[in-house]
file protein_29.csv (CSV, C-alpha atoms and all ligand atoms)
chain,number,residue,atom,x,y,z
A,1,MET,CA,103.9,85.3,62.3
A,2,ALA,CA,103.1,89.0,61.8
A,3,THR,CA,105.7,91.3,60.4
A,4,LYS,CA,106.4,94.0,62.9
A,5,VAL,CA,107.0,97.6,61.6
A,6,LEU,CA,108.0,100.5,63.7
A,7,MET,CA,107.7,104.1,62.4
A,8,VAL,CA,110.2,106.5,64.0
A,9,CYS,CA,110.6,110.3,64.1
A,10,LEU,CA,112.0,112.8,66.6
A,11,GLY,CA,109.2,113.6,68.9
A,12,ASN,CA,106.6,110.8,68.1
A,13,ILE,CA,103.9,113.5,68.0
A,14,CYS,CA,103.8,114.7,64.3
A,15,ARG,CA,105.2,112.4,61.6
A,16,SER,CA,105.5,108.9,63.1
A,17,PRO,CA,102.0,108.9,64.6
A,18,LEU,CA,100.7,109.7,61.1
A,19,ALA,CA,102.8,107.0,59.6
A,20,GLU,CA,101.6,104.5,62.2
A,21,GLY,CA,97.9,105.4,61.5
A,22,ILE,CA,98.3,105.4,57.7
A,23,PHE,CA,100.2,102.1,57.7
A,24,ARG,CA,97.6,100.5,59.9
A,25,HIS,CA,94.8,101.7,57.7
A,26,LEU,CA,96.5,100.5,54.5
A,27,SER,CA,97.6,97.1,55.9
A,28,SER,CA,94.3,96.3,57.4
A,29,GLY,CA,93.6,92.6,56.9
A,30,LYS,CA,97.2,91.9,56.2
A,31,ASN,CA,99.6,90.2,58.6
A,32,PHE,CA,101.4,93.3,60.0
A,33,VAL,CA,101.8,94.9,63.4
A,34,VAL,CA,102.7,98.6,63.5
A,35,ASP,CA,103.8,100.9,66.2
A,36,SER,CA,105.7,104.2,66.4
A,37,ALA,CA,108.3,105.9,68.6
A,38,GLY,CA,110.5,109.0,68.8
A,39,THR,CA,114.2,109.2,69.2
A,40,ALA,CA,113.8,111.9,71.8
A,41,ASN,CA,111.8,111.7,75.1
A,42,TYR,CA,110.5,115.3,75.0
A,43,HIS,CA,106.9,114.3,74.5
A,44,THR,CA,106.6,110.9,76.3
A,45,GLY,CA,103.0,110.2,77.1
A,46,ALA,CA,101.6,113.0,75.0
A,47,SER,CA,98.9,112.6,72.4
A,48,PRO,CA,99.7,113.4,68.7
A,49,ASP,CA,100.0,117.0,67.7
A,50,HIS,CA,96.5,118.4,66.9
A,51,ARG,CA,97.6,119.2,63.4
A,52,SER,CA,98.5,115.5,62.7
A,53,VAL,CA,95.2,114.4,64.4
A,54,ALA,CA,93.3,116.9,62.1
A,55,VAL,CA,94.9,115.9,58.8
A,56,ALA,CA,94.5,112.2,59.6
A,57,ALA,CA,90.8,112.7,60.5
A,58,LYS,CA,90.2,114.6,57.3
A,59,ASN,CA,91.4,111.5,55.5
A,60,GLY,CA,89.3,109.1,57.6
A,61,ILE,CA,92.0,107.9,60.0
A,62,ASP,CA,91.8,108.3,63.8
A,63,ILE,CA,95.2,108.6,65.5
A,64,SER,CA,93.9,110.4,68.5
A,65,ASN,CA,94.4,107.5,70.9
A,66,GLN,CA,98.1,107.2,70.3
A,67,LYS,CA,100.6,108.1,73.1
A,68,ALA,CA,104.2,109.2,72.4
A,69,ARG,CA,107.1,107.0,73.6
A,70,GLN,CA,110.8,107.0,73.2
A,71,LEU,CA,112.6,104.5,70.9
A,72,THR,CA,114.6,101.9,72.9
A,73,PRO,CA,117.4,99.4,72.0
A,74,ALA,CA,114.8,96.6,72.7
A,75,ASP,CA,112.6,98.0,69.9
A,76,ILE,CA,115.4,97.3,67.5
A,77,VAL,CA,115.5,93.7,68.6
A,78,THR,CA,111.7,93.2,68.5
A,79,PHE,CA,110.7,94.9,65.3
A,80,ASP,CA,111.5,93.5,61.8
A,81,HIS,CA,111.5,96.9,60.0
A,82,ILE,CA,112.3,100.3,61.6
A,83,LEU,CA,111.3,103.0,59.1
A,84,VAL,CA,112.6,106.5,60.0
A,85,MET,CA,111.5,109.9,58.7
A,86,ASP,CA,114.8,111.7,58.3
A,87,GLU,CA,118.6,111.4,58.3
A,88,GLN,CA,118.9,112.6,61.9
A,89,ASN,CA,116.5,109.9,63.0
A,90,LEU,CA,118.6,107.4,61.1
A,91,LYS,CA,121.7,108.5,63.0
A,92,ASN,CA,120.0,108.4,66.3
A,93,ALA,CA,118.5,105.0,65.7
A,94,HIS,CA,121.8,103.6,64.4
A,95,ALA,CA,123.4,104.7,67.7
A,96,LEU,CA,121.1,102.3,69.6
A,97,CYS,CA,122.2,99.3,67.5
A,98,SER,CA,124.6,96.6,68.8
A,99,SER,CA,125.0,94.6,65.6
A,100,ALA,CA,125.1,94.9,61.8
A,101,ASN,CA,121.9,92.8,61.7
A,102,GLN,CA,120.1,95.4,63.8
A,103,ARG,CA,121.4,98.3,61.6
A,104,ASP,CA,120.1,96.5,58.6
A,105,LYS,CA,116.6,96.7,59.9
A,106,ILE,CA,116.6,100.5,59.9
A,107,SER,CA,115.9,102.5,56.8
A,108,LEU,CA,114.5,105.8,55.7
A,109,LEU,CA,110.8,105.4,54.9
A,110,THR,CA,111.2,107.3,51.7
A,111,SER,CA,114.1,105.2,50.3
A,112,ALA,CA,112.7,101.9,51.5
A,113,SER,CA,109.6,102.7,49.5
A,114,GLY,CA,111.5,103.7,46.4
A,115,HIS,CA,110.3,107.3,46.7
A,116,ASN,CA,112.5,110.0,45.2
A,117,ALA,CA,112.0,112.4,48.2
A,118,THR,CA,115.0,112.1,50.4
A,119,GLN,CA,113.2,112.3,53.7
A,120,VAL,CA,109.9,113.2,55.4
A,121,PRO,CA,110.4,116.8,56.4
A,122,ASP,CA,109.7,117.9,60.1
A,123,PRO,CA,106.5,119.9,60.1
A,124,TYR,CA,106.6,120.8,63.8
A,125,TYR,CA,107.5,124.5,63.2
A,126,GLY,CA,105.3,124.6,60.0
A,127,ASP,CA,101.7,125.1,59.3
A,128,GLU,CA,98.7,123.1,58.2
A,129,HIS,CA,100.0,122.9,54.7
A,130,ASP,CA,103.2,121.2,55.9
A,131,PHE,CA,101.1,118.6,57.7
A,132,GLU,CA,99.2,118.0,54.4
A,133,THR,CA,102.5,117.5,52.6
A,134,VAL,CA,103.7,115.0,55.2
A,135,PHE,CA,100.4,113.1,55.0
A,136,SER,CA,100.5,112.7,51.2
A,137,LEU,CA,104.2,111.8,51.2
A,138,VAL,CA,103.8,109.2,54.0
A,139,HIS,CA,100.7,107.8,52.4
A,140,GLU,CA,102.4,107.2,49.1
A,141,CYS,CA,105.4,105.7,50.8
A,142,CYS,CA,103.4,103.3,53.0
A,143,LYS,CA,101.4,102.2,49.9
A,144,ASP,CA,104.5,101.6,47.9
A,145,TRP,CA,106.3,99.9,50.8
A,146,LEU,CA,103.4,97.5,51.3
A,147,ALA,CA,103.3,96.7,47.6
A,148,LYS,CA,106.9,95.7,47.8
A,149,HIS,CA,106.4,93.6,51.0
A,150,THR,CA,103.1,91.8,50.4
A,201,LIG,P1,108.0,114.8,65.0
A,201,LIG,O1,108.0,116.4,65.1
A,201,LIG,O2,109.5,114.4,65.1
A,201,LIG,O3,107.5,114.6,63.6
A,201,LIG,O4,107.1,114.3,66.1
A,201,LIG,C1,108.6,117.1,66.2
A,201,LIG,C2,108.0,117.1,67.4
A,201,LIG,C3,108.5,117.8,68.4
A,201,LIG,C4,109.7,118.5,68.2
A,201,LIG,C5,110.4,118.4,67.0
A,201,LIG,C6,109.8,117.7,66.0
A,201,LIG,N1,110.3,119.3,69.3
A,201,LIG,O5,111.3,119.9,69.1
A,201,LIG,O6,109.7,119.3,70.4
call {"tool": "encode", "arguments": {"input": "protein_29.csv", "output": "C-alpha cells"}}
result
Amino acid sequence: MATKVLMVCLGNICRSPLAEGIFRHLSSGKNFVVDSAGTANYHTGASPDHRSVAVAAKNGIDISNQKARQLTPADIVTFDHILVMDEQNLKNAHALCSSANQRDKISLLTSASGHNATQVPDPYYGDEHDFETVFSLVHECCKDWLAKHT
C-alpha cells in the first residue's frame, strides 16, 4: 500500500503547495501519495500564490493545478506522515488530534528530514528571494526525507 504524506502550512497557498509539488516530483515512481492542506481556511479553493507557481516552474515543477483546502481531523487519521512547515502549524495540527498515535504522525518537515533549519519560514509577506529560499530548503528536506524512508 502506498505511504500517504500530507504537507501542511498555514494558508496552503505558499509553502505546502511547493512541498507537495517537490515531493511528488522527487518520489515519482515510488510508492507514495502526497497532498497538502492549510491549518487556516482563509484561502480555501484558491490556486497557489503566483510566486510559488513561478519558483516551481523555474525548477521544472508545475503546481498550478493545486487548490487550497483546510486540514481536517480526518486527514490525521488518513495520512501516515503529516509534515508541517513551522511551530505554529505543529501546534494547530496537534490541536486536531484525538490520540497519541495521531500526534506521533505529525512532525516538522525540517526535523523529520534531519535538517538543521528549525522551520520553513513563511514567505507570504516576503519577496521572490524568500520563495527561492523556501524552494531550496523544502527541496533538500524532501530529498533527505525520502532517502530515510525508501
Ligand atoms: P503559507 O503562507 O502558509 O505558506 O501558505 C501564507 C499564506 C497566507 C497567509 C499567511 C501565510 N495569510 O495570512 O493569508
call {"tool": "closest_residue", "arguments": {"input": "protein_29.csv", "among": "A:Ala93, A:Cys9, A:Ala54, A:Val33", "to": "ligand LIG 201 (chain A)", "atoms": "only C-alpha atoms and all ligand atoms"}}
result
A:Cys9
call {"tool": "closest_atom_pairs", "arguments": {"input": "protein_29.csv", "of": "chain A", "to": "ligand LIG 201 (chain A)", "cutoff": "9 Å", "atoms": "only C-alpha atoms and all ligand atoms", "output": "Markdown table"}}
result
| residue | atom | partner | partner_atom | distance |
| --- | --- | --- | --- | --- |
| A:Val8 | CA | A:LIG201 | O2 | 8.0 |
| A:Cys9 | CA | A:LIG201 | O2 | 4.4 |
| A:Leu10 | CA | A:LIG201 | O2 | 3.3 |
| A:Gly11 | CA | A:LIG201 | O4 | 3.6 |
| A:Asn12 | CA | A:LIG201 | O4 | 4.1 |
| A:Ile13 | CA | A:LIG201 | O4 | 3.8 |
| A:Cys14 | CA | A:LIG201 | O3 | 3.8 |
| A:Arg15 | CA | A:LIG201 | O3 | 3.8 |
| A:Ser16 | CA | A:LIG201 | O3 | 6.1 |
| A:Pro17 | CA | A:LIG201 | O4 | 7.6 |
| A:Leu18 | CA | A:LIG201 | O3 | 8.7 |
| A:Ala37 | CA | A:LIG201 | O4 | 8.8 |
| A:Gly38 | CA | A:LIG201 | O2 | 6.6 |
| A:Thr39 | CA | A:LIG201 | O2 | 8.1 |
| A:Ala40 | CA | A:LIG201 | O2 | 8.3 |
| A:Tyr42 | CA | A:LIG201 | O6 | 6.1 |
| A:His43 | CA | A:LIG201 | O6 | 7.0 |
| A:Pro48 | CA | A:LIG201 | O4 | 7.9 |
| A:Asp49 | CA | A:LIG201 | O4 | 7.8 |
| A:Ala68 | CA | A:LIG201 | O4 | 8.6 |
| A:Met85 | CA | A:LIG201 | O3 | 7.9 |
| A:Asn89 | CA | A:LIG201 | O2 | 8.6 |
| A:Val120 | CA | A:LIG201 | O3 | 8.7 |
| A:Pro121 | CA | A:LIG201 | O3 | 8.1 |
| A:Asp122 | CA | A:LIG201 | O3 | 5.3 |
| A:Pro123 | CA | A:LIG201 | O1 | 6.3 |
| A:Tyr124 | CA | A:LIG201 | O1 | 4.8 |
| A:Tyr125 | CA | A:LIG201 | C6 | 7.7 |
call {"tool": "atom_distance", "arguments": {"input": "protein_29.csv", "atom1": "CA of Ala46 in chain A", "atom2": "CA of Glu20 in chain A"}}
result
15.4 Å
call {"tool": "closest_residue", "arguments": {"input": "protein_29.csv", "among": "A:Leu96, A:Ile106, A:Ala147, A:Ala56", "to": "Asp80 in chain A", "atoms": "only C-alpha atoms"}}
result
A:Ile106
call {"tool": "closest_residue", "arguments": {"input": "protein_29.csv", "among": "A:Arg51, A:His115, A:Arg103, A:Lys4", "to": "Pro73 in chain A", "atoms": "all atoms listed in the file"}}
result
A:Arg103
call {"tool": "closest_atom_pairs", "arguments": {"input": "protein_29.csv", "of": "range 26-83 of chain A", "to": "range 126-141 of chain A", "cutoff": "12 Å", "atoms": "all atoms listed in the file", "output": "tab-separated table"}}
result
residue	atom	partner	partner_atom	distance
A:Leu26	CA	A:His139	CA	8.7
A:Ser27	CA	A:His139	CA	11.7
A:Asp49	CA	A:Phe131	CA	10.2
A:His50	CA	A:Glu128	CA	10.1
A:Arg51	CA	A:Glu128	CA	6.6
A:Ser52	CA	A:Phe131	CA	6.4
A:Val53	CA	A:Phe131	CA	9.9
A:Ala54	CA	A:Glu128	CA	9.1
A:Val55	CA	A:Glu132	CA	6.5
A:Ala56	CA	A:Phe135	CA	7.5
A:Ala57	CA	A:Phe135	CA	11.1
A:Lys58	CA	A:Glu132	CA	10.0
A:Asn59	CA	A:Phe135	CA	9.2
A:Ile61	CA	A:Phe135	CA	11.1
A:Leu83	CA	A:Cys141	CA	10.5
call {"tool": "atom_distance", "arguments": {"input": "protein_29.csv", "atom1": "CA of Gln66 in chain A", "atom2": "CA of Asp35 in chain A"}}
result
9.4 Å
call {"tool": "closest_residue", "arguments": {"input": "protein_29.csv", "among": "A:Gln70, A:Met1, A:Cys97, A:His81", "to": "Trp145 in chain A", "atoms": "all atoms listed in the file"}}
result
A:His81
call {"tool": "atom_distance", "arguments": {"input": "protein_29.csv", "atom1": "CA of Leu109 in chain A", "atom2": "CA of Ala19 in chain A"}}
result
9.4 Å
call {"tool": "closest_residue", "arguments": {"input": "protein_29.csv", "among": "A:Thr78, A:Ser107, A:Thr3, A:Ser113", "to": "Lys91 in chain A", "atoms": "all atoms listed in the file"}}
result
A:Ser107
call {"tool": "closest_residue", "arguments": {"input": "protein_29.csv", "among": "A:Ser36, A:Asn41, A:Gln88, A:Gln102", "to": "Arg24 in chain A", "atoms": "only C-alpha atoms"}}
result
A:Ser36
call {"tool": "build_atoms", "arguments": {"input": "protein_29.csv", "residues": "range 38-62 of chain A", "atoms": "N, CA, C and O atoms", "output": "CSV table (one decimal), in the coordinates of the input"}}
result
chain,number,residue,atom,x,y,z
A,38,GLY,N,109.6,107.8,69.1
A,38,GLY,CA,110.5,109.0,68.8
A,38,GLY,C,111.9,108.8,69.4
A,38,GLY,O,112.1,108.1,70.4
A,39,THR,N,112.9,109.3,68.7
A,39,THR,CA,114.2,109.2,69.2
A,39,THR,C,114.4,110.0,70.5
A,39,THR,O,115.3,109.7,71.3
A,40,ALA,N,113.6,111.1,70.7
A,40,ALA,CA,113.8,111.9,71.8
A,40,ALA,C,112.6,111.6,72.8
A,40,ALA,O,111.7,111.0,72.5
A,41,ASN,N,112.8,112.0,74.1
A,41,ASN,CA,111.8,111.7,75.1
A,41,ASN,C,111.0,113.0,75.5
A,41,ASN,O,110.3,113.0,76.4
A,42,TYR,N,111.1,114.1,74.7
A,42,TYR,CA,110.5,115.3,75.0
A,42,TYR,C,109.0,115.2,75.3
A,42,TYR,O,108.4,115.9,76.1
A,43,HIS,N,108.3,114.3,74.5
A,43,HIS,CA,106.9,114.3,74.5
A,43,HIS,C,106.3,113.0,75.1
A,43,HIS,O,105.1,112.7,74.8
A,44,THR,N,107.1,112.2,75.8
A,44,THR,CA,106.6,110.9,76.3
A,44,THR,C,105.3,111.0,77.0
A,44,THR,O,105.1,111.9,77.8
A,45,GLY,N,104.3,110.2,76.6
A,45,GLY,CA,103.0,110.2,77.1
A,45,GLY,C,102.0,111.1,76.5
A,45,GLY,O,100.8,111.1,76.8
A,46,ALA,N,102.5,112.0,75.6
A,46,ALA,CA,101.6,113.0,75.0
A,46,ALA,C,100.8,112.4,73.8
A,46,ALA,O,101.3,111.4,73.1
A,47,SER,N,99.7,113.0,73.5
A,47,SER,CA,98.9,112.6,72.4
A,47,SER,C,99.5,113.2,71.1
A,47,SER,O,100.3,114.2,71.3
A,48,PRO,N,99.2,112.7,69.9
A,48,PRO,CA,99.7,113.4,68.7
A,48,PRO,C,99.4,114.9,68.6
A,48,PRO,O,98.4,115.3,69.2
A,49,ASP,N,100.2,115.6,67.9
A,49,ASP,CA,100.0,117.0,67.7
A,49,ASP,C,98.6,117.2,67.0
A,49,ASP,O,98.2,116.4,66.2
A,50,HIS,N,97.9,118.2,67.4
A,50,HIS,CA,96.5,118.4,66.9
A,50,HIS,C,96.4,118.5,65.4
A,50,HIS,O,95.5,118.2,64.8
A,51,ARG,N,97.5,119.0,64.8
A,51,ARG,CA,97.6,119.2,63.4
A,51,ARG,C,97.7,117.8,62.7
A,51,ARG,O,97.1,117.6,61.6
A,52,SER,N,98.4,116.9,63.3
A,52,SER,CA,98.5,115.5,62.7
A,52,SER,C,97.1,114.8,62.9
A,52,SER,O,96.7,114.1,62.0
A,53,VAL,N,96.5,115.0,64.1
A,53,VAL,CA,95.2,114.4,64.4
A,53,VAL,C,94.2,114.9,63.3
A,53,VAL,O,93.4,114.2,62.7
A,54,ALA,N,94.3,116.2,63.0
A,54,ALA,CA,93.3,116.9,62.1
A,54,ALA,C,93.5,116.4,60.7
A,54,ALA,O,92.5,116.0,60.0
A,55,VAL,N,94.7,116.3,60.2
A,55,VAL,CA,94.9,115.9,58.8
A,55,VAL,C,94.6,114.4,58.6
A,55,VAL,O,94.0,114.0,57.6
A,56,ALA,N,94.8,113.6,59.7
A,56,ALA,CA,94.5,112.2,59.6
A,56,ALA,C,93.0,112.1,59.6
A,56,ALA,O,92.4,111.3,58.7
A,57,ALA,N,92.3,112.8,60.5
A,57,ALA,CA,90.8,112.7,60.5
A,57,ALA,C,90.1,113.1,59.2
A,57,ALA,O,89.2,112.5,58.8
A,58,LYS,N,90.7,114.1,58.6
A,58,LYS,CA,90.2,114.6,57.3
A,58,LYS,C,90.3,113.5,56.2
A,58,LYS,O,89.5,113.5,55.3
A,59,ASN,N,91.2,112.6,56.5
A,59,ASN,CA,91.4,111.5,55.5
A,59,ASN,C,90.9,110.2,56.1
A,59,ASN,O,91.3,109.1,55.6
A,60,GLY,N,90.0,110.3,57.1
A,60,GLY,CA,89.3,109.1,57.6
A,60,GLY,C,90.1,108.2,58.5
A,60,GLY,O,89.8,107.0,58.7
A,61,ILE,N,91.2,108.7,59.1
A,61,ILE,CA,92.0,107.9,60.0
A,61,ILE,C,92.1,108.5,61.4
A,61,ILE,O,92.4,109.7,61.5
A,62,ASP,N,91.8,107.7,62.4
A,62,ASP,CA,91.8,108.3,63.8
A,62,ASP,C,93.1,107.9,64.4
A,62,ASP,O,93.4,106.7,64.7
